[in-house]
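Have a look at the structure below, then the notes.
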Amino acid sequence: MPGQPLGEAADLELEPGSAVLIVHHVVYDMQDRLVEVDEATYPPGRWAFEKGYPIG
């Protein structure tokens, strides 16, 4: 992946340039104040993604 630090690829035991899933997680409170910011990098074959949408 362009811009992926070589140290991170080594930490994840991947070849430089391997595809990964990068998730940005940002949380605001009810007054629209920033509460949390997180970035996670997941290597292939080591993650599953599920999203639920309530209806009604």
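Chain labels follow the order of the structure tokens: the first chain is A, the next B, and so on; residue numbering restarts at 1 in every chain, and ligands are counted from 1 in their shown order.
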
Check chain A with DSSP on the backbone and list each residue it calls strand (DSSP E), as a ChimeraX atom specification.
/A:21-28,34-42

Create the file for the chosen residues now, containing all heavy atoms and written as a tab-separated table (two decimals), in the first residue's frame.
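result36.tsv, freshly written:
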```tsv
chain	number	residue	atom	x	y	z
A	21	LEU	N	-6.82	-3.59	5.55
A	21	LEU	CA	-8.01	-2.81	5.85
A	21	LEU	C	-7.63	-1.78	6.90
A	21	LEU	O	-7.09	-2.13	7.95
A	21	LEU	CB	-9.13	-3.70	6.39
A	21	LEU	CG	-10.36	-2.99	6.94
A	21	LEU	CD1	-11.11	-2.28	5.81
A	21	LEU	CD2	-11.26	-3.96	7.67
A	22	ILE	N	-7.86	-0.50	6.61
A	22	ILE	CA	-7.59	0.56	7.58
A	22	ILE	C	-8.93	1.16	7.99
A	22	ILE	O	-9.73	1.56	7.14
A	22	ILE	CB	-6.68	1.65	6.99
A	22	ILE	CG1	-5.32	1.03	6.64
A	22	ILE	CG2	-6.52	2.80	7.98
A	22	ILE	CD1	-4.37	1.99	5.98
A	23	VAL	N	-9.18	1.18	9.29
A	23	VAL	CA	-10.44	1.68	9.83
A	23	VAL	C	-10.15	2.94	10.65
A	23	VAL	O	-9.28	2.94	11.52
A	23	VAL	CB	-11.12	0.63	10.73
A	23	VAL	CG1	-12.37	1.19	11.37
A	23	VAL	CG2	-11.44	-0.62	9.93
A	24	HIS	N	-10.88	4.01	10.34
A	24	HIS	CA	-10.84	5.24	11.12
A	24	HIS	C	-12.12	5.29	11.95
A	24	HIS	O	-13.21	5.23	11.38
A	24	HIS	CB	-10.73	6.48	10.23
A	24	HIS	CG	-9.45	6.53	9.48
A	24	HIS	ND1	-9.41	6.55	8.11
A	24	HIS	CD2	-8.17	6.55	9.90
A	24	HIS	CE1	-8.15	6.58	7.72
A	24	HIS	NE2	-7.38	6.58	8.79
A	25	HIS	N	-11.97	5.40	13.24
A	25	HIS	CA	-13.11	5.40	14.16
A	25	HIS	C	-13.12	6.74	14.89
A	25	HIS	O	-12.16	7.09	15.57
A	25	HIS	CB	-12.94	4.25	15.17
A	25	HIS	CG	-14.00	4.14	16.19
A	25	HIS	ND1	-15.23	3.58	15.93
A	25	HIS	CD2	-14.03	4.51	17.48
A	25	HIS	CE1	-15.96	3.61	17.02
A	25	HIS	NE2	-15.25	4.17	17.98
A	26	VAL	N	-14.19	7.51	14.70
A	26	VAL	CA	-14.30	8.84	15.31
A	26	VAL	C	-15.62	8.90	16.07
A	26	VAL	O	-16.67	8.55	15.53
A	26	VAL	CB	-14.26	9.96	14.24
A	26	VAL	CG1	-14.34	11.33	14.88
A	26	VAL	CG2	-13.00	9.83	13.39
A	27	VAL	N	-15.56	9.33	17.33
A	27	VAL	CA	-16.75	9.39	18.18
A	27	VAL	C	-16.94	10.81	18.69
A	27	VAL	O	-15.99	11.45	19.14
A	27	VAL	CB	-16.62	8.43	19.38
A	27	VAL	CG1	-17.83	8.52	20.30
A	27	VAL	CG2	-16.40	7.00	18.91
A	28	TYR	N	-18.19	11.29	18.61
A	28	TYR	CA	-18.57	12.60	19.15
A	28	TYR	C	-19.65	12.39	20.22
A	28	TYR	O	-20.45	11.46	20.12
A	28	TYR	CB	-19.14	13.50	18.05
A	28	TYR	CG	-18.13	13.88	17.01
A	28	TYR	CD1	-17.94	13.10	15.88
A	28	TYR	CD2	-17.37	15.03	17.15
A	28	TYR	CE1	-17.02	13.45	14.91
A	28	TYR	CE2	-16.44	15.39	16.18
A	28	TYR	CZ	-16.27	14.60	15.07
A	28	TYR	OH	-15.35	14.94	14.12
A	34	LEU	N	-15.62	16.20	20.16
A	34	LEU	CA	-14.82	15.03	19.84
A	34	LEU	C	-14.46	14.29	21.13
A	34	LEU	O	-13.96	14.88	22.08
A	34	LEU	CB	-13.55	15.46	19.11
A	34	LEU	CG	-12.62	14.36	18.65
A	34	LEU	CD1	-13.30	13.47	17.62
A	34	LEU	CD2	-11.35	14.96	18.08
A	35	VAL	N	-14.72	12.99	21.15
A	35	VAL	CA	-14.46	12.18	22.32
A	35	VAL	C	-13.32	11.19	22.07
A	35	VAL	O	-12.48	10.96	22.94
A	35	VAL	CB	-15.74	11.40	22.73
A	35	VAL	CG1	-15.46	10.44	23.87
A	35	VAL	CG2	-16.86	12.36	23.08
A	36	GLU	N	-13.28	10.61	20.87
A	36	GLU	CA	-12.30	9.57	20.59
A	36	GLU	C	-11.96	9.54	19.11
A	36	GLU	O	-12.83	9.72	18.26
A	36	GLU	CB	-12.89	8.21	21.00
A	36	GLU	CG	-11.99	7.04	20.72
A	36	GLU	CD	-12.63	5.71	21.14
A	36	GLU	OE1	-13.74	5.70	21.69
A	36	GLU	OE2	-12.00	4.68	20.87
A	37	VAL	N	-10.67	9.33	18.81
A	37	VAL	CA	-10.20	9.12	17.45
A	37	VAL	C	-9.27	7.92	17.48
A	37	VAL	O	-8.40	7.83	18.34
A	37	VAL	CB	-9.44	10.35	16.90
A	37	VAL	CG1	-8.88	10.07	15.52
A	37	VAL	CG2	-10.34	11.57	16.88
A	38	ASP	N	-9.48	7.00	16.57
A	38	ASP	CA	-8.67	5.79	16.54
A	38	ASP	C	-8.44	5.37	15.10
A	38	ASP	O	-9.28	5.62	14.23
A	38	ASP	CB	-9.39	4.67	17.30
A	38	ASP	CG	-8.51	3.45	17.51
A	38	ASP	OD1	-7.27	3.57	17.51
A	38	ASP	OD2	-9.07	2.35	17.69
A	39	GLU	N	-7.29	4.79	14.82
A	39	GLU	CA	-7.01	4.20	13.52
A	39	GLU	C	-6.46	2.80	13.76
A	39	GLU	O	-5.60	2.62	14.61
A	39	GLU	CB	-5.98	5.02	12.74
A	39	GLU	CG	-5.65	4.39	11.39
A	39	GLU	CD	-4.64	5.19	10.59
A	39	GLU	OE1	-5.02	6.20	10.01
A	39	GLU	OE2	-3.47	4.78	10.59
A	40	ALA	N	-7.02	1.84	13.05
A	40	ALA	CA	-6.57	0.46	13.18
A	40	ALA	C	-6.24	-0.10	11.81
A	40	ALA	O	-6.93	0.20	10.83
A	40	ALA	CB	-7.66	-0.39	13.84
A	41	THR	N	-5.19	-0.89	11.73
A	41	THR	CA	-4.77	-1.53	10.48
A	41	THR	C	-4.89	-3.04	10.65
A	41	THR	O	-4.32	-3.61	11.57
A	41	THR	CB	-3.30	-1.17	10.15
A	41	THR	OG1	-3.19	0.25	10.10
A	41	THR	CG2	-2.88	-1.77	8.83
A	42	TYR	N	-5.68	-3.65	9.77
A	42	TYR	CA	-5.93	-5.08	9.84
A	42	TYR	C	-5.36	-5.78	8.62
A	42	TYR	O	-5.69	-5.43	7.50
A	42	TYR	CB	-7.43	-5.36	9.90
A	42	TYR	CG	-8.09	-4.79	11.13
A	42	TYR	CD1	-8.71	-3.54	11.09
A	42	TYR	CD2	-8.07	-5.47	12.33
A	42	TYR	CE1	-9.32	-3.01	12.21
A	42	TYR	CE2	-8.68	-4.95	13.47
A	42	TYR	CZ	-9.30	-3.72	13.40
A	42	TYR	OH	-9.90	-3.18	14.51
```

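Neighbours of Pro43 of chain A closer than or equal to 12 Å, with only C-alpha atoms counted and sequence neighbours fewer than 5 positions away skipped, come out as A:Met1, A:Glu8, A:Ala9, A:Ala10, A:Asp11, A:Leu12, A:Glu13, A:Leu14, A:Glu15, A:Pro16, A:Gly17, A:Ser18, A:Ala19, A:Val20, A:Leu21, A:Ile22, A:Val23, A:Ala48.
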
Expected file contents, prior selection, all heavy atoms, as a CSV table (one decimal), in the first residue's frame:
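Printed below is result.csv as written:
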```
chain,number,residue,atom,x,y,z
A,1,MET,N,0.9,-1.2,0.0
A,1,MET,CA,0.0,0.0,0.0
A,1,MET,C,0.9,1.2,0.0
A,1,MET,O,1.8,1.3,0.8
A,1,MET,CB,-0.9,-0.1,1.2
A,1,MET,CG,-1.5,1.2,1.7
A,1,MET,SD,-2.7,1.0,3.0
A,1,MET,CE,-4.1,1.1,2.0
A,8,GLU,N,5.5,-1.1,9.9
A,8,GLU,CA,4.2,-1.6,10.1
A,8,GLU,C,4.0,-2.9,9.3
A,8,GLU,O,3.4,-3.9,9.9
A,8,GLU,CB,3.1,-0.6,9.7
A,8,GLU,CG,1.7,-1.0,10.1
A,8,GLU,CD,0.7,0.1,9.9
A,8,GLU,OE1,0.9,1.0,9.0
A,8,GLU,OE2,-0.3,0.0,10.5
A,9,ALA,N,4.4,-3.0,8.1
A,9,ALA,CA,4.3,-4.2,7.3
A,9,ALA,C,5.1,-5.3,8.0
A,9,ALA,O,4.6,-6.4,8.1
A,9,ALA,CB,4.9,-4.0,5.9
A,10,ALA,N,6.3,-5.0,8.5
A,10,ALA,CA,7.0,-6.0,9.3
A,10,ALA,C,6.3,-6.5,10.6
A,10,ALA,O,6.3,-7.6,10.9
A,10,ALA,CB,8.4,-5.5,9.6
A,11,ASP,N,5.7,-5.5,11.3
A,11,ASP,CA,5.0,-5.8,12.5
A,11,ASP,C,3.8,-6.7,12.2
A,11,ASP,O,3.5,-7.6,13.1
A,11,ASP,CB,4.5,-4.5,13.2
A,11,ASP,CG,5.6,-3.6,13.8
A,11,ASP,OD1,6.7,-4.2,14.0
A,11,ASP,OD2,5.3,-2.5,14.0
A,12,LEU,N,3.2,-6.5,11.1
A,12,LEU,CA,2.0,-7.4,10.7
A,12,LEU,C,2.4,-8.6,10.0
A,12,LEU,O,1.6,-9.4,9.5
A,12,LEU,CB,1.1,-6.5,9.9
A,12,LEU,CG,0.4,-5.4,10.6
A,12,LEU,CD1,-0.4,-4.5,9.6
A,12,LEU,CD2,-0.5,-5.9,11.7
A,13,GLU,N,3.8,-8.8,9.8
A,13,GLU,CA,4.3,-10.0,9.1
A,13,GLU,C,3.8,-10.1,7.6
A,13,GLU,O,3.4,-11.1,7.1
A,13,GLU,CB,4.0,-11.3,9.8
A,13,GLU,CG,4.6,-11.3,11.2
A,13,GLU,CD,4.2,-12.5,12.0
A,13,GLU,OE1,3.5,-13.4,11.5
A,13,GLU,OE2,4.7,-12.6,13.2
A,14,LEU,N,3.8,-8.9,7.0
A,14,LEU,CA,3.4,-8.8,5.6
A,14,LEU,C,4.5,-8.3,4.7
A,14,LEU,O,5.4,-7.6,5.2
A,14,LEU,CB,2.2,-7.8,5.5
A,14,LEU,CG,0.9,-8.1,6.2
A,14,LEU,CD1,0.0,-7.0,6.2
A,14,LEU,CD2,0.3,-9.4,5.7
A,15,GLU,N,4.4,-8.6,3.4
A,15,GLU,CA,5.3,-8.0,2.5
A,15,GLU,C,5.0,-6.5,2.3
A,15,GLU,O,3.8,-6.2,2.3
A,15,GLU,CB,5.2,-8.7,1.1
A,15,GLU,CG,5.7,-10.1,1.1
A,15,GLU,CD,7.2,-10.2,1.4
A,15,GLU,OE1,8.0,-9.4,0.9
A,15,GLU,OE2,7.6,-11.1,2.2
A,16,PRO,N,5.9,-5.6,2.1
A,16,PRO,CA,5.6,-4.2,1.9
A,16,PRO,C,4.7,-4.1,0.6
A,16,PRO,O,4.9,-4.8,-0.4
A,16,PRO,CB,7.0,-3.6,1.6
A,16,PRO,CG,7.9,-4.4,2.4
A,16,PRO,CD,7.4,-5.8,2.3
A,17,GLY,N,3.7,-3.3,0.7
A,17,GLY,CA,2.8,-3.1,-0.4
A,17,GLY,C,1.5,-4.1,-0.3
A,17,GLY,O,0.7,-4.0,-1.2
A,18,SER,N,1.5,-4.9,0.7
A,18,SER,CA,0.3,-5.8,0.8
A,18,SER,C,-0.9,-5.0,1.1
A,18,SER,O,-0.9,-4.0,1.8
A,18,SER,CB,0.6,-6.8,2.0
A,18,SER,OG,1.6,-7.6,1.7
A,19,ALA,N,-2.1,-5.5,0.7
A,19,ALA,CA,-3.3,-4.8,0.9
A,19,ALA,C,-3.7,-5.1,2.4
A,19,ALA,O,-3.5,-6.2,2.9
A,19,ALA,CB,-4.4,-5.4,0.0
A,20,VAL,N,-4.3,-4.0,3.0
A,20,VAL,CA,-4.8,-4.1,4.4
A,20,VAL,C,-6.1,-3.3,4.5
A,20,VAL,O,-6.4,-2.5,3.6
A,20,VAL,CB,-3.8,-3.5,5.4
A,20,VAL,CG1,-2.5,-4.3,5.4
A,20,VAL,CG2,-3.5,-2.1,5.1
A,21,LEU,N,-6.8,-3.6,5.6
A,21,LEU,CA,-8.0,-2.8,5.9
A,21,LEU,C,-7.6,-1.8,6.9
A,21,LEU,O,-7.1,-2.1,8.0
A,21,LEU,CB,-9.1,-3.7,6.4
A,21,LEU,CG,-10.4,-3.0,6.9
A,21,LEU,CD1,-11.1,-2.3,5.8
A,21,LEU,CD2,-11.3,-4.0,7.7
A,22,ILE,N,-7.9,-0.5,6.6
A,22,ILE,CA,-7.6,0.6,7.6
A,22,ILE,C,-8.9,1.2,8.0
A,22,ILE,O,-9.7,1.6,7.1
A,22,ILE,CB,-6.7,1.6,7.0
A,22,ILE,CG1,-5.3,1.0,6.6
A,22,ILE,CG2,-6.5,2.8,8.0
A,22,ILE,CD1,-4.4,2.0,6.0
A,23,VAL,N,-9.2,1.2,9.3
A,23,VAL,CA,-10.4,1.7,9.8
A,23,VAL,C,-10.2,2.9,10.7
A,23,VAL,O,-9.3,2.9,11.5
A,23,VAL,CB,-11.1,0.6,10.7
A,23,VAL,CG1,-12.4,1.2,11.4
A,23,VAL,CG2,-11.4,-0.6,9.9
A,48,ALA,N,-13.0,-9.7,10.3
A,48,ALA,CA,-14.3,-9.8,9.7
A,48,ALA,C,-15.0,-8.5,10.0
A,48,ALA,O,-14.8,-7.9,11.1
A,48,ALA,CB,-15.1,-11.0,10.4
```
